[in-house]
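Asks: Just start-v7.tsv, nothing more (TSV, C-alpha atoms):
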```tsv
chain	number	residue	atom	x	y	z
F	1	MET	CA	0.00	0.00	0.00
F	2	THR	CA	1.29	3.46	-0.92
F	3	VAL	CA	0.50	6.69	0.90
F	4	ILE	CA	-1.78	7.55	-2.00
F	5	ASP	CA	-3.69	4.28	-1.55
F	6	ASP	CA	-4.08	4.95	2.20
F	7	LEU	CA	-5.39	8.45	1.53
F	8	LEU	CA	-7.81	7.17	-1.12
F	9	ALA	CA	-9.10	4.56	1.33
F	10	ASP	CA	-9.77	7.39	3.80
F	11	LEU	CA	-11.45	9.41	1.08
F	12	THR	CA	-13.65	6.46	0.09
F	13	ALA	CA	-14.73	6.08	3.72
F	14	ALA	CA	-15.36	9.83	4.05
F	15	ILE	CA	-17.74	9.98	1.09
F	16	SER	CA	-19.34	6.56	1.61
F	17	GLY	CA	-22.53	7.94	3.18
F	18	ARG	CA	-23.16	10.25	0.27
F	19	PRO	CA	-25.81	9.04	-2.23
F	20	THR	CA	-24.19	8.49	-5.64
F	21	THR	CA	-27.00	10.62	-7.14
F	22	TYR	CA	-25.11	13.56	-5.77
F	23	ASN	CA	-21.87	12.59	-7.49
F	24	THR	CA	-23.43	13.07	-10.91
F	25	LYS	CA	-22.54	15.89	-13.22
F	26	SER	CA	-26.20	16.87	-13.68
F	27	ALA	CA	-26.78	17.25	-9.92
F	28	ILE	CA	-23.84	19.63	-9.62
F	29	TRP	CA	-24.89	21.55	-12.73
F	30	ASP	CA	-28.38	21.93	-11.29
F	31	VAL	CA	-27.19	23.36	-8.01
F	32	PHE	CA	-24.81	25.73	-9.80
F	33	GLU	CA	-27.75	27.06	-11.84
F	34	GLY	CA	-29.63	27.54	-8.58
F	35	TYR	CA	-26.66	29.47	-7.20
F	36	VAL	CA	-26.46	31.75	-10.26
F	37	PHE	CA	-30.25	32.29	-10.07
F	38	GLY	CA	-29.62	33.63	-6.56
F	39	LEU	CA	-26.95	36.02	-7.87
F	40	VAL	CA	-29.45	37.35	-10.41
F	41	ILE	CA	-32.04	37.87	-7.68
F	42	ARG	CA	-29.51	39.64	-5.46
F	43	ALA	CA	-28.51	41.88	-8.37
F	44	ALA	CA	-32.16	42.83	-8.89
F	45	VAL	CA	-32.44	43.74	-5.22
F	46	ALA	CA	-29.17	45.70	-5.42
F	47	ALA	CA	-30.71	47.64	-8.32
F	48	GLY	CA	-33.56	48.68	-6.01
F	49	GLY	CA	-35.99	45.84	-6.67
F	50	SER	CA	-37.96	43.52	-4.47
F	51	VAL	CA	-38.83	39.89	-5.08
F	52	ILE	CA	-41.37	37.20	-4.35
F	53	TYR	CA	-41.22	33.52	-5.24
F	54	GLU	CA	-44.20	32.01	-6.97
F	55	ASP	CA	-44.88	28.62	-8.54
F	56	VAL	CA	-46.39	27.83	-11.93
F	57	ASN	CA	-49.82	27.44	-10.28
F	58	GLY	CA	-49.67	30.93	-8.82
F	59	ASN	CA	-48.95	29.86	-5.22
F	60	ARG	CA	-46.75	32.43	-3.52
F	61	SER	CA	-43.82	32.34	-1.12
F	62	PRO	CA	-43.02	28.60	-1.09
F	63	THR	CA	-40.33	27.83	1.48
F	64	ARG	CA	-38.83	25.16	-0.80
F	65	LEU	CA	-38.06	26.35	-4.32
F	66	THR	CA	-38.42	23.81	-7.14
F	67	PHE	CA	-36.37	24.12	-10.31
F	68	ARG	CA	-35.98	21.79	-13.30
F	69	THR	CA	-33.19	19.23	-13.55
F	70	SER	CA	-32.97	19.92	-17.28
F	71	PRO	CA	-34.55	22.60	-19.44
F	72	GLY	CA	-38.31	22.38	-19.94
F	73	MET	CA	-41.24	24.51	-20.99
F	74	LEU	CA	-41.98	27.50	-18.79
F	75	HIS	CA	-45.66	26.54	-18.62
F	76	SER	CA	-44.97	22.92	-17.53
F	77	THR	CA	-46.98	21.78	-14.51
F	78	ALA	CA	-45.14	18.46	-14.06
F	79	HIS	CA	-44.00	19.92	-10.73
F	80	ALA	CA	-44.76	23.16	-8.94
F	81	TYR	CA	-41.76	24.83	-10.57
F	82	THR	CA	-40.81	28.08	-8.93
F	83	HIS	CA	-39.87	31.42	-10.43
F	84	ALA	CA	-39.16	34.81	-8.92
F	85	VAL	CA	-41.31	37.86	-9.60
F	86	ILE	CA	-39.02	40.88	-9.61
F	87	ASP	CA	-40.49	44.28	-9.00
F	88	LEU	CA	-38.17	47.10	-10.02
F	89	PRO	CA	-39.20	50.65	-9.10
F	90	ASP	CA	-41.61	52.16	-11.62
F	91	CYS	CA	-41.23	49.26	-14.05
F	92	ASP	CA	-43.57	46.49	-15.13
F	93	PRO	CA	-42.78	43.27	-13.22
F	94	LEU	CA	-40.18	40.80	-14.46
F	95	GLU	CA	-39.84	37.07	-13.81
F	96	ALA	CA	-36.69	35.00	-13.33
F	97	HIS	CA	-36.80	31.31	-14.29
F	98	VAL	CA	-34.33	28.42	-14.18
F	99	GLY	CA	-33.91	25.97	-17.07
F	100	VAL	CA	-36.53	26.97	-19.62
F	101	ARG	CA	-36.86	26.72	-23.39
F	102	VAL	CA	-37.03	29.95	-25.35
F	103	GLN	CA	-38.02	30.64	-28.95
F	104	GLY	CA	-35.26	32.04	-31.15
F	105	ARG	CA	-35.69	34.42	-34.06
F	106	SER	CA	-35.08	31.51	-36.44
F	107	GLY	CA	-38.15	29.78	-35.05
F	108	VAL	CA	-36.36	27.03	-33.11
F	109	LEU	CA	-36.39	26.36	-29.37
F	110	HIS	CA	-33.25	27.04	-27.34
F	111	GLU	CA	-32.44	26.50	-23.69
F	112	CYS	CA	-31.63	29.15	-21.12
F	113	ASP	CA	-30.19	28.16	-17.74
F	114	VAL	CA	-31.39	31.36	-16.06
F	115	LEU	CA	-33.82	33.66	-17.87
F	116	VAL	CA	-35.30	37.02	-16.91
F	117	LEU	CA	-38.26	38.19	-18.96
F	118	PRO	CA	-41.24	40.51	-18.60
F	119	ALA	CA	-43.96	38.95	-16.44
F	120	VAL	CA	-46.44	39.63	-19.23
F	121	GLU	CA	-44.40	37.45	-21.65
F	122	ALA	CA	-44.23	34.69	-19.02
F	123	ALA	CA	-47.99	34.96	-18.44
F	124	LEU	CA	-48.55	34.59	-22.19
F	125	SER	CA	-46.37	31.46	-22.13
F	126	ARG	CA	-48.42	29.96	-19.28
F	127	SER	CA	-51.85	30.89	-20.66
F	128	LYS	CA	-51.21	29.73	-24.22
F	129	SER	CA	-48.70	26.93	-23.47
F	130	VAL	CA	-46.05	28.39	-25.76
F	131	ALA	CA	-42.37	29.15	-25.26
F	132	PRO	CA	-41.49	32.75	-24.45
F	133	ARG	CA	-39.74	34.75	-27.16
F	134	GLY	CA	-36.06	35.44	-26.69
F	135	SER	CA	-36.38	38.79	-28.43
F	136	ARG	CA	-38.84	39.90	-25.71
F	137	SER	CA	-36.59	38.70	-22.88
F	138	LEU	CA	-34.20	40.84	-20.90
F	139	LEU	CA	-31.39	38.67	-19.63
F	140	ALA	CA	-30.09	35.12	-19.81
F	141	VAL	CA	-27.19	33.37	-18.11
F	142	GLU	CA	-25.48	30.28	-19.49
F	143	CYS	CA	-24.14	28.43	-16.43
F	144	LYS	CA	-21.21	26.03	-16.70
F	145	TYR	CA	-19.84	23.98	-13.81
F	146	TYR	CA	-16.79	21.97	-14.82
F	147	THR	CA	-14.10	20.26	-12.80
F	148	SER	CA	-11.07	20.63	-15.08
F	149	HIS	CA	-11.85	21.66	-18.63
F	150	ILE	CA	-14.44	23.69	-20.54
F	151	SER	CA	-14.70	22.77	-24.21
F	152	LEU	CA	-14.49	25.58	-26.72
F	153	TYR	CA	-17.65	24.37	-28.43
F	154	LEU	CA	-19.61	25.60	-25.39
F	155	ALA	CA	-18.47	29.15	-26.07
F	156	ARG	CA	-19.21	28.73	-29.78
F	157	GLY	CA	-22.67	27.41	-28.86
F	158	PHE	CA	-23.27	30.37	-26.55
F	159	HIS	CA	-22.28	32.84	-29.26
F	160	GLY	CA	-24.55	31.17	-31.83
F	161	LEU	CA	-27.41	30.80	-29.37
F	162	HIS	CA	-27.49	34.47	-28.55
F	163	SER	CA	-27.12	35.53	-32.16
F	164	ASP	CA	-30.47	33.78	-32.62
F	165	LEU	CA	-32.21	34.60	-29.35
F	166	GLY	CA	-31.57	38.31	-29.64
F	167	LEU	CA	-32.16	39.11	-25.99
F	168	LYS	CA	-30.51	42.18	-24.54
F	169	HIS	CA	-28.13	40.88	-21.90
F	170	PRO	CA	-26.63	37.38	-22.37
F	171	PHE	CA	-23.90	36.23	-19.94
F	172	PHE	CA	-21.61	33.20	-20.02
F	173	VAL	CA	-20.71	32.11	-16.49
F	174	ALA	CA	-18.42	29.29	-15.35
F	175	ASN	CA	-16.98	28.10	-12.06
F	176	ILE	CA	-13.44	27.84	-13.44
F	177	ARG	CA	-11.24	30.11	-15.53
F	178	ALA	CA	-10.69	29.10	-19.15
F	179	ALA	CA	-8.38	31.35	-21.17
F	180	ARG	CA	-9.44	30.07	-24.59
F	181	ILE	CA	-13.13	30.57	-23.77
F	182	GLU	CA	-12.47	34.07	-22.48
F	183	ARG	CA	-10.43	35.00	-25.54
F	184	TYR	CA	-13.09	33.64	-27.92
F	185	LEU	CA	-16.01	35.34	-26.18
F	186	SER	CA	-14.15	38.64	-25.82
F	187	TYR	CA	-13.28	38.60	-29.53
F	188	HIS	CA	-16.99	38.18	-30.30
F	189	GLN	CA	-17.90	40.88	-27.75
F	190	ARG	CA	-19.85	38.49	-25.54
F	191	ARG	CA	-19.99	39.12	-21.81
F	192	TRP	CA	-18.58	36.44	-19.53
F	193	GLU	CA	-17.48	35.93	-15.96
F	194	ASN	CA	-15.49	32.82	-15.15
F	195	GLY	CA	-14.28	31.62	-11.76
F	196	VAL	CA	-17.67	32.39	-10.20
F	197	MET	CA	-17.94	30.59	-6.86
F	198	PRO	CA	-19.35	31.60	-3.48
F	199	GLY	CA	-17.15	34.19	-1.82
F	200	THR	CA	-15.04	34.98	-4.90
F	201	SER	CA	-14.52	38.43	-6.39
F	202	GLU	CA	-15.84	37.06	-9.67
F	203	ALA	CA	-19.22	36.35	-8.04
F	204	ALA	CA	-19.37	39.98	-6.91
F	205	TYR	CA	-18.33	41.19	-10.38
F	206	LEU	CA	-21.07	39.07	-11.98
F	207	GLU	CA	-23.65	40.46	-9.60
F	208	GLY	CA	-22.47	43.94	-10.61
F	209	LEU	CA	-22.76	43.16	-14.33
F	210	ILE	CA	-26.29	41.87	-13.87
F	211	ARG	CA	-27.21	44.85	-11.69
F	212	ASP	CA	-26.09	47.09	-14.55
F	213	ALA	CA	-28.46	45.21	-16.87
F	214	PHE	CA	-31.33	45.87	-14.45
F	215	LYS	CA	-30.30	49.53	-14.12
F	216	GLN	CA	-30.34	49.96	-17.90
F	217	HIS	CA	-33.75	48.30	-18.02
F	218	MET	CA	-35.07	50.71	-15.39
F	219	ALA	CA	-33.59	53.69	-17.21
F	220	VAL	CA	-35.27	52.68	-20.47
F	221	ARG	CA	-38.52	51.20	-19.19
F	222	GLY	CA	-39.07	53.03	-15.90
F	223	ALA	CA	-41.22	56.11	-15.50
F	224	LEU	CA	-39.56	59.42	-16.30
F	225	ALA	CA	-39.16	61.77	-13.37
F	226	PRO	CA	-41.59	64.72	-13.46
Y	1	MET	CA	7.46	12.02	-6.95
Y	2	GLU	CA	9.38	9.70	-9.24
Y	3	PRO	CA	7.83	9.01	-12.68
Y	4	ASP	CA	6.94	5.38	-11.80
Y	5	GLU	CA	5.31	6.49	-8.52
Y	6	LEU	CA	3.39	9.15	-10.41
Y	7	GLU	CA	2.10	6.54	-12.86
Y	8	VAL	CA	0.89	4.35	-9.95
Y	9	ALA	CA	-0.75	7.36	-8.27
Y	10	LYS	CA	-2.52	8.26	-11.50
Y	11	ARG	CA	-3.91	4.72	-11.82
Y	12	SER	CA	-5.08	4.69	-8.19
Y	13	LEU	CA	-6.77	8.09	-8.46
Y	14	ARG	CA	-8.52	7.11	-11.68
Y	15	ALA	CA	-9.72	3.84	-10.11
Y	16	PHE	CA	-11.09	5.79	-7.13
Y	17	ALA	CA	-12.98	8.19	-9.40
Y	18	ALA	CA	-14.37	5.41	-11.59
Y	19	GLY	CA	-15.49	3.43	-8.53
Y	20	ASN	CA	-17.34	6.33	-6.91
Y	21	GLY	CA	-19.60	7.57	-9.68
Y	22	LEU	CA	-17.12	10.17	-10.85
Y	23	GLY	CA	-16.41	8.81	-14.31
Y	24	TRP	CA	-17.59	12.12	-15.77
Y	25	VAL	CA	-14.71	13.84	-13.97
Y	26	LEU	CA	-12.32	11.48	-15.78
Y	27	ASP	CA	-14.05	12.11	-19.13
Y	28	GLU	CA	-13.59	15.83	-18.69
Y	29	LEU	CA	-9.96	15.44	-17.73
Y	30	ASP	CA	-9.31	13.09	-20.65
Y	31	GLU	CA	-10.66	15.72	-23.01
Y	32	ALA	CA	-8.27	18.26	-21.52
Y	33	VAL	CA	-5.38	15.79	-21.86
Y	34	ALA	CA	-6.28	15.15	-25.50
Y	35	ILE	CA	-6.22	18.88	-26.24
Y	36	GLY	CA	-2.98	19.37	-24.32
Y	37	VAL	CA	-1.57	22.64	-23.12
Y	38	VAL	CA	-1.92	25.47	-25.63
Y	39	GLU	CA	1.00	27.86	-25.69
Y	40	VAL	CA	1.85	31.02	-27.58
Y	41	LYS	CA	4.95	31.14	-29.76
Y	42	PRO	CA	5.93	34.62	-30.99
Y	43	LEU	CA	7.43	34.60	-34.50
Y	44	ARG	CA	8.86	37.56	-36.38
Y	45	GLN	CA	8.77	37.79	-40.14
Y	46	SER	CA	11.88	39.00	-41.93
Y	47	ILE	CA	13.49	38.82	-45.37
Y	48	ARG	CA	16.78	36.97	-45.73
Y	49	GLN	CA	18.54	36.67	-49.05
Y	50	GLY	CA	15.32	37.68	-50.77
Y	51	ARG	CA	13.27	35.01	-49.00
Y	52	GLN	CA	10.55	35.51	-46.41
Y	53	VAL	CA	11.42	33.71	-43.17
Y	54	TYR	CA	9.95	33.50	-39.65
Y	55	GLU	CA	12.22	33.38	-36.62
Y	56	GLU	CA	11.25	32.64	-33.04
Y	57	VAL	CA	11.39	35.65	-30.74
Y	58	LEU	CA	12.58	35.02	-27.21
Y	59	SER	CA	11.70	38.49	-25.83
Y	60	PRO	CA	8.63	39.60	-27.81
Y	61	GLY	CA	8.29	42.90	-25.94
Y	62	ALA	CA	11.54	44.31	-27.29
Y	63	VAL	CA	11.35	45.52	-30.88
Y	64	ALA	CA	14.55	46.82	-32.43
Y	65	PRO	CA	14.21	49.96	-34.62
Y	66	GLY	CA	13.21	49.03	-38.12
Y	67	ARG	CA	12.11	45.50	-37.12
Y	68	ARG	CA	8.59	44.15	-37.36
Y	69	ARG	CA	6.69	43.33	-34.17
Y	70	ALA	CA	6.44	39.60	-33.50
Y	71	GLU	CA	3.18	37.84	-34.39
Y	72	GLU	CA	1.66	35.34	-31.95
Y	73	PHE	CA	1.21	31.80	-33.22
Y	74	LEU	CA	-0.44	29.03	-31.21
Y	75	THR	CA	1.11	25.68	-30.50
Y	76	ARG	CA	0.39	22.83	-28.10
Y	77	ARG	CA	2.36	20.44	-25.98
Y	78	PRO	CA	1.20	17.26	-24.25
Y	79	MET	CA	0.13	17.54	-20.61
Y	80	THR	CA	2.77	16.00	-18.35
Y	81	ASP	CA	1.91	13.18	-15.91
Y	82	GLN	CA	2.48	15.60	-13.04
Y	83	GLU	CA	0.00	18.08	-14.54
Y	84	GLN	CA	-2.54	15.31	-15.17
Y	85	VAL	CA	-2.41	14.00	-11.60
Y	86	GLU	CA	-2.64	17.47	-10.08
Y	87	ALA	CA	-5.53	18.35	-12.40
Y	88	LEU	CA	-7.35	15.17	-11.32
Y	89	ILE	CA	-6.99	15.96	-7.60
Y	90	LEU	CA	-8.23	19.51	-8.23
Y	91	ALA	CA	-11.12	18.09	-10.24
Y	92	LEU	CA	-12.05	15.77	-7.35
Y	93	ARG	CA	-12.16	18.79	-5.05
Y	94	ARG	CA	-14.52	20.55	-7.48
Y	95	ALA	CA	-16.71	17.44	-7.58
Y	96	LEU	CA	-16.70	16.51	-3.88
Y	97	VAL	CA	-16.08	19.67	-1.85
Y	98	ASP	CA	-17.02	22.79	-3.84
Y	99	PRO	CA	-20.67	21.81	-4.56
Y	100	ASP	CA	-21.25	21.94	-0.79
Y	101	ALA	CA	-20.40	25.65	-0.74
Y	102	VAL	CA	-22.42	26.25	-3.92
Y	103	ALA	CA	-25.48	24.53	-2.41
Y	104	ARG	CA	-25.20	26.52	0.82
Y	105	ALA	CA	-24.84	29.81	-1.06
Y	106	ALA	CA	-27.72	28.91	-3.41
Y	107	VAL	CA	-30.09	28.77	-0.44
Y	108	ASP	CA	-28.54	31.54	1.66
Y	109	GLN	CA	-28.58	34.20	-1.01
Y	110	VAL	CA	-32.27	33.84	-1.93
Y	111	ASN	CA	-33.20	34.46	1.69
Y	112	GLY	CA	-33.74	37.68	3.58
Y	113	LEU	CA	-34.55	39.73	0.48
Y	114	PRO	CA	-37.30	42.39	0.39
Y	115	VAL	CA	-40.60	40.91	-0.73
Y	116	THR	CA	-42.64	42.26	-3.65
Y	117	GLY	CA	-46.13	43.55	-2.98
Y	118	PRO	CA	-49.23	41.92	-4.52
Y	119	ARG	CA	-48.85	41.09	-8.17
Y	120	GLY	CA	-49.58	44.02	-10.43
Y	121	GLU	CA	-48.90	46.53	-7.69
Y	122	ARG	CA	-45.77	48.35	-8.62
Y	123	SER	CA	-43.26	49.19	-5.99
Y	124	ARG	CA	-42.95	52.78	-5.00
Y	125	SER	CA	-39.65	54.43	-4.35
Y	126	ASP	CA	-38.46	57.74	-3.08
Y	127	ALA	CA	-36.25	60.06	-5.09
Y	128	ASP	CA	-33.20	57.97	-4.19
Y	129	GLY	CA	-34.84	54.72	-5.23
Y	130	ASN	CA	-35.18	53.41	-1.67
Y	131	ALA	CA	-38.10	51.04	-1.82
Y	132	PHE	CA	-37.15	48.82	1.10
Y	133	ASP	CA	-37.99	51.11	4.00
Y	134	GLN	CA	-41.67	51.30	3.18
Y	135	PRO	CA	-44.02	49.22	5.37
Y	136	SER	CA	-45.31	47.09	2.47
Y	137	PHE	CA	-41.75	45.86	1.83
Y	138	ALA	CA	-40.88	45.06	5.41
Y	139	ARG	CA	-41.27	41.28	4.83
Y	140	THR	CA	-38.37	39.24	3.54
Y	141	THR	CA	-38.09	35.98	1.61
Y	142	LEU	CA	-37.76	32.72	3.54
Y	143	VAL	CA	-36.41	29.68	1.69
Y	144	THR	CA	-35.24	26.52	3.44
Y	145	GLU	CA	-34.08	24.37	0.49
Y	146	ILE	CA	-34.08	24.15	-3.30
Y	147	ASP	CA	-35.27	20.98	-5.09
Y	148	PHE	CA	-34.43	20.10	-8.68
Y	149	ALA	CA	-37.14	17.93	-10.21
Y	150	PRO	CA	-37.23	16.38	-13.70
Y	151	ASP	CA	-39.65	17.85	-16.20
Y	152	GLU	CA	-41.85	15.76	-18.52
Y	153	GLY	CA	-39.73	13.37	-20.57
Y	154	SER	CA	-36.63	13.66	-18.39
Y	155	LEU	CA	-35.21	10.52	-16.79
Y	156	GLU	CA	-33.07	12.35	-14.24
Y	157	GLU	CA	-33.61	11.89	-10.52
Y	158	THR	CA	-34.78	14.61	-8.17
Y	159	VAL	CA	-31.98	16.17	-6.13
Y	160	SER	CA	-32.03	18.90	-3.50
Y	161	THR	CA	-29.60	21.31	-1.91
Y	162	GLU	CA	-30.36	19.50	1.33
Y	163	GLY	CA	-28.83	16.31	-0.04
Y	164	ILE	CA	-25.93	17.85	-1.92
Y	165	ARG	CA	-24.65	19.70	1.14
Y	166	TYR	CA	-22.26	17.62	3.11
Y	167	ALA	CA	-22.60	17.40	6.82
Y	168	GLU	CA	-20.02	19.91	8.02
Y	169	ASP	CA	-17.90	17.22	9.71
Y	170	ARG	CA	-17.73	15.20	6.50
Y	171	ARG	CA	-16.57	18.21	4.50
Y	172	ILE	CA	-13.95	18.86	7.14
Y	173	THR	CA	-12.73	15.29	6.62
Y	174	VAL	CA	-12.68	15.31	2.81
Y	175	GLU	CA	-10.84	18.58	2.28
Y	176	PRO	CA	-7.67	17.69	4.26
Y	177	ILE	CA	-7.45	14.32	2.50
Y	178	LEU	CA	-7.45	16.05	-0.88
Y	179	ASP	CA	-4.82	18.50	0.44
Y	180	ALA	CA	-2.69	15.56	1.61
Y	181	LEU	CA	-3.03	13.88	-1.79
Y	182	MET	CA	-1.86	17.02	-3.54
Y	183	ALA	CA	1.08	17.40	-1.14
Y	184	GLU	CA	2.03	13.76	-1.70
Y	185	VAL	CA	2.13	14.04	-5.51
Y	186	ARG	CA	4.11	17.28	-5.28
Y	187	ARG	CA	6.81	15.98	-2.96
```
Mind converting the file's structure to structure tokens?

Replies:
Amino acid sequence: MTVIDDLLADLTAAISGRPTTYNTKSAIWDVFEGYVFGLVIRAAVAAGGSVIYEDVNGNRSPTRLTFRTSPGMLHSTAHAYTHAVIDLPDCDPLEAHVGVRVQGRSGVLHECDVLVLPAVEAALSRSKSVAPRGSRSLLAVECKYYTSHISLYLARGFHGLHSDLGLKHPFFVANIRAARIERYLSYHQRRWENGVMPGTSEAAYLEGLIRDAFKQHMAVRGALAP
Amino acid sequence: MEPDELEVAKRSLRAFAAGNGLGWVLDELDEAVAIGVVEVKPLRQSIRQGRQVYEEVLSPGAVAPGRRRAEEFLTRRPMTDQEQVEALILALRRALVDPDAVARAAVDQVNGLPVTGPRGERSRSDADGNAFDQPSFARTTLVTEIDFAPDEGSLEETVSTEGIRYAEDRRITVEPILDALMAEVRR
């Protein structure tokens, strides 16, 4: 037995009580999306907004939020999926959703990990059982949680996706730094923040970027001062 | 670590990952290994005996008068065994330890926020945009956990932040083991 083997035996014992469900990539991706959703909500509050959680059936203030494991239709009632209603001063309400499909300008459905759209567009989606339109949406965040390597095709996909969705503020967000991704997205003038994890400066920077998006929305859509 | 020890360590770490539902961590690492480490090589174009040639520039910042600035070309080299093993230990940390902090933050940061009034009622703010001090916004959000449930057609299992968060004592155990593994491969 080597020292490495001894340490790995200890590590195996230490994680033995953990359900293997929680070792899956999708579980970690899901919780990272939930984390970024929270950053978006905090940014809205930092911009002067207030928030309430509501499920697809209209029930308010659930103490357990329910998000999708993989992208679905905003109007789905398979579970009481939760969204946030964001109320910015003097603006029509917005909604923030996790993992929903959105209609692109080309007429195909895309996926958004975190989406902020006008509440009226979300209500249309629920009442008519259709996907919301990307061109009517305000903000979307593509969330990537990787352990060692982010493929370049993800950045290419993000660039292509948002060329088609046409929403105002798309962000690419990852838990780790990736120089090639950053170079590619910067070249194509796409906004990104990598290295976003709880307590990092990058998380604060991302919150600031999203707050700016809300501020711009308020400046354009809010009531003019008398 | 000697090269043969490093090879044994790599095999043991990979076997651990494969045996604990972390094959996706290995897949990701293998993709990184296949791509290798991309590096920049500055080359300067010049004319010698009437022919266009490119020469490698060792100090690209310095440009002699009358010389062209170096152009950056990309190249790659294979990832060393040392880099692979260290990347795998770091990846295990991101799979086993970091999600705990992400799950905690996911719940913490959606709590204690000012609550919106009844739907359709717009918030009111003073000239400075301070909406929170008004009585109707005195309540704050209260969230205990976040569940992730599969939508129609999805075969994934439901997970929750409750389950993904380690018990604090377990996290305290896992992190030092990963630190010790890294120290061992770096000795």

Asks: Can you check which parts of chain Y lie within 6 Å of chain F? Per residue, the shortest pair of atoms and distance in Å to one decimal, counting only C-alpha atoms, sorted by chain and number, as CSV.

Replies:
```
residue,atom,partner,partner_atom,distance
Y:Gly21,CA,F:Asn23,CA,5.9
Y:Leu29,CA,F:Ser148,CA,5.9
Y:Ala32,CA,F:His149,CA,5.7
Y:Ala91,CA,F:Thr147,CA,4.5
Y:Arg94,CA,F:Thr147,CA,5.3
Y:Ala103,CA,F:Val31,CA,6.0
Y:Ala106,CA,F:Tyr35,CA,4.0
Y:Gln109,CA,F:Gly38,CA,5.7
Y:Val110,CA,F:Gly38,CA,5.3
Y:Pro114,CA,F:Ser50,CA,5.0
Y:Val115,CA,F:Val51,CA,4.8
Y:Thr116,CA,F:Val51,CA,4.7
Y:Ser123,CA,F:Pro89,CA,5.3
Y:Arg124,CA,F:Pro89,CA,6.0
Y:Leu142,CA,F:Thr63,CA,5.9
Y:Val143,CA,F:Thr63,CA,4.3
Y:Thr144,CA,F:Thr63,CA,5.6
Y:Glu145,CA,F:Arg64,CA,5.0
Y:Ile146,CA,F:Leu65,CA,4.7
Y:Asp147,CA,F:Thr66,CA,4.7
Y:Phe148,CA,F:Phe67,CA,4.8
Y:Ala149,CA,F:Arg68,CA,5.1
Y:Pro150,CA,F:Thr69,CA,4.9
Y:Asp151,CA,F:Ala78,CA,5.9
Y:Ile164,CA,F:Tyr22,CA,5.8
```

Asks: Could you give me, as a PyMOL selection string, the residues within 8 Å of Gly36 (chain Y), counting only C-alpha atoms and dropping anything in the same chain fewer than 5 positions from it?

Replies: chain Y and resi 76-79

Asks: What residues have an atom no more than 12 Å from (-25.3, 34.1, -30.2) in the file's own frame, counting all atoms listed in the file, and can you write them as a PyMOL selection string?

Replies: chain F and resi 104-106+110+134+140+142+154-172+185+188-191

Asks: Pick out the closest residue to Glu72 (chain Y) from this set: Y:Ile172, Y:Arg93, Y:Glu39, Y:Pro99. Count all atoms listed in the file.

Replies: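 Closest residue, counting all atoms listed in the file: Y:Glu39.
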
Asks: Provide the CA of Glu55 (chain Y) to CA of Val37 (chain Y) distance in Å, to one decimal place.

Replies: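 Between CA of Glu55 (chain Y) and CA of Val37 (chain Y) the gap works out to 22.1 Å.
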
Asks: Near Gln216 (chain F), counting all atoms listed in the file, which residues have an atom at most 12 Å away, once you skip same-chain residues fewer than 2 positions from it, shown as JSON, numbers by chain?

Replies: {"F": [44, 47, 88, 91, 138, 139, 168, 169, 209, 210, 211, 212, 213, 214, 218, 219, 220, 221, 222]}

Asks: Take the residues that were just selected and, keeping C-alpha atoms, output them as a compact mmCIF listing (two decimals), in the frame of the given file.

Replies:
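Heads up, here's the output in part_19.txt:
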```txt
# COMPACT_ATOMS: atom_id res chain seq x y z
CA ALA F 44 -32.16 42.83 -8.89
CA ALA F 47 -30.71 47.64 -8.32
CA LEU F 88 -38.17 47.10 -10.02
CA CYS F 91 -41.23 49.26 -14.05
CA LEU F 138 -34.20 40.84 -20.90
CA LEU F 139 -31.39 38.67 -19.63
CA LYS F 168 -30.51 42.18 -24.54
CA HIS F 169 -28.13 40.88 -21.90
CA LEU F 209 -22.76 43.16 -14.33
CA ILE F 210 -26.29 41.87 -13.87
CA ARG F 211 -27.21 44.85 -11.69
CA ASP F 212 -26.09 47.09 -14.55
CA ALA F 213 -28.46 45.21 -16.87
CA PHE F 214 -31.33 45.87 -14.45
CA MET F 218 -35.07 50.71 -15.39
CA ALA F 219 -33.59 53.69 -17.21
CA VAL F 220 -35.27 52.68 -20.47
CA ARG F 221 -38.52 51.20 -19.19
CA GLY F 222 -39.07 53.03 -15.90
```

Asks: So how far away is CA of Glu182 (chain F) from CA of Leu58 (chain Y), in Å?

Replies: 25.5 Å

Asks: To one decimal place, how far is CA of Ser129 (chain F) from CA of His75 (chain F) in Å?

Replies: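 CA of His75 (chain F) lies 5.7 Å from CA of Ser129 (chain F).
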
Asks: Write out as a list in words each polymer residue whose atoms come within 9 Å of Arg14 (chain Y), counting only C-alpha atoms; drop sequence neighbours fewer than 6 positions from it.

Replies: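 The neighbour list is Gly23, Leu26 and Leu88 of chain Y.
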
Asks: For Ile47 (chain Y), work out the shell of residues within 12 Å, counting all atoms listed in the file and skipping chain neighbours fewer than 6 positions away, then give it as a list in words.

Replies: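 In the requested format, the answer is Val53, Tyr54, Glu55, Arg67 and Arg68 of chain Y.
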
Asks: Axis-aligned box over every listed atom of region 208-211 of chain F, padded by 5 Å per side: centre and edges in Å to one decimal, as JSON?

Replies:
```
{"center_x": -24.8, "center_y": 43.4, "center_z": -12.5, "size_x": 14.7, "size_y": 13.0, "size_z": 13.7}
```

Asks: Would you pick out the contacts of Ala96 (chain F) at 6 Å or less, using all atoms listed in the file, so that residues sharing its chain but fewer than 5 positions from it are not included, and give the list as a PyMOL selection string?

Replies: chain F and resi 83-84+115-116
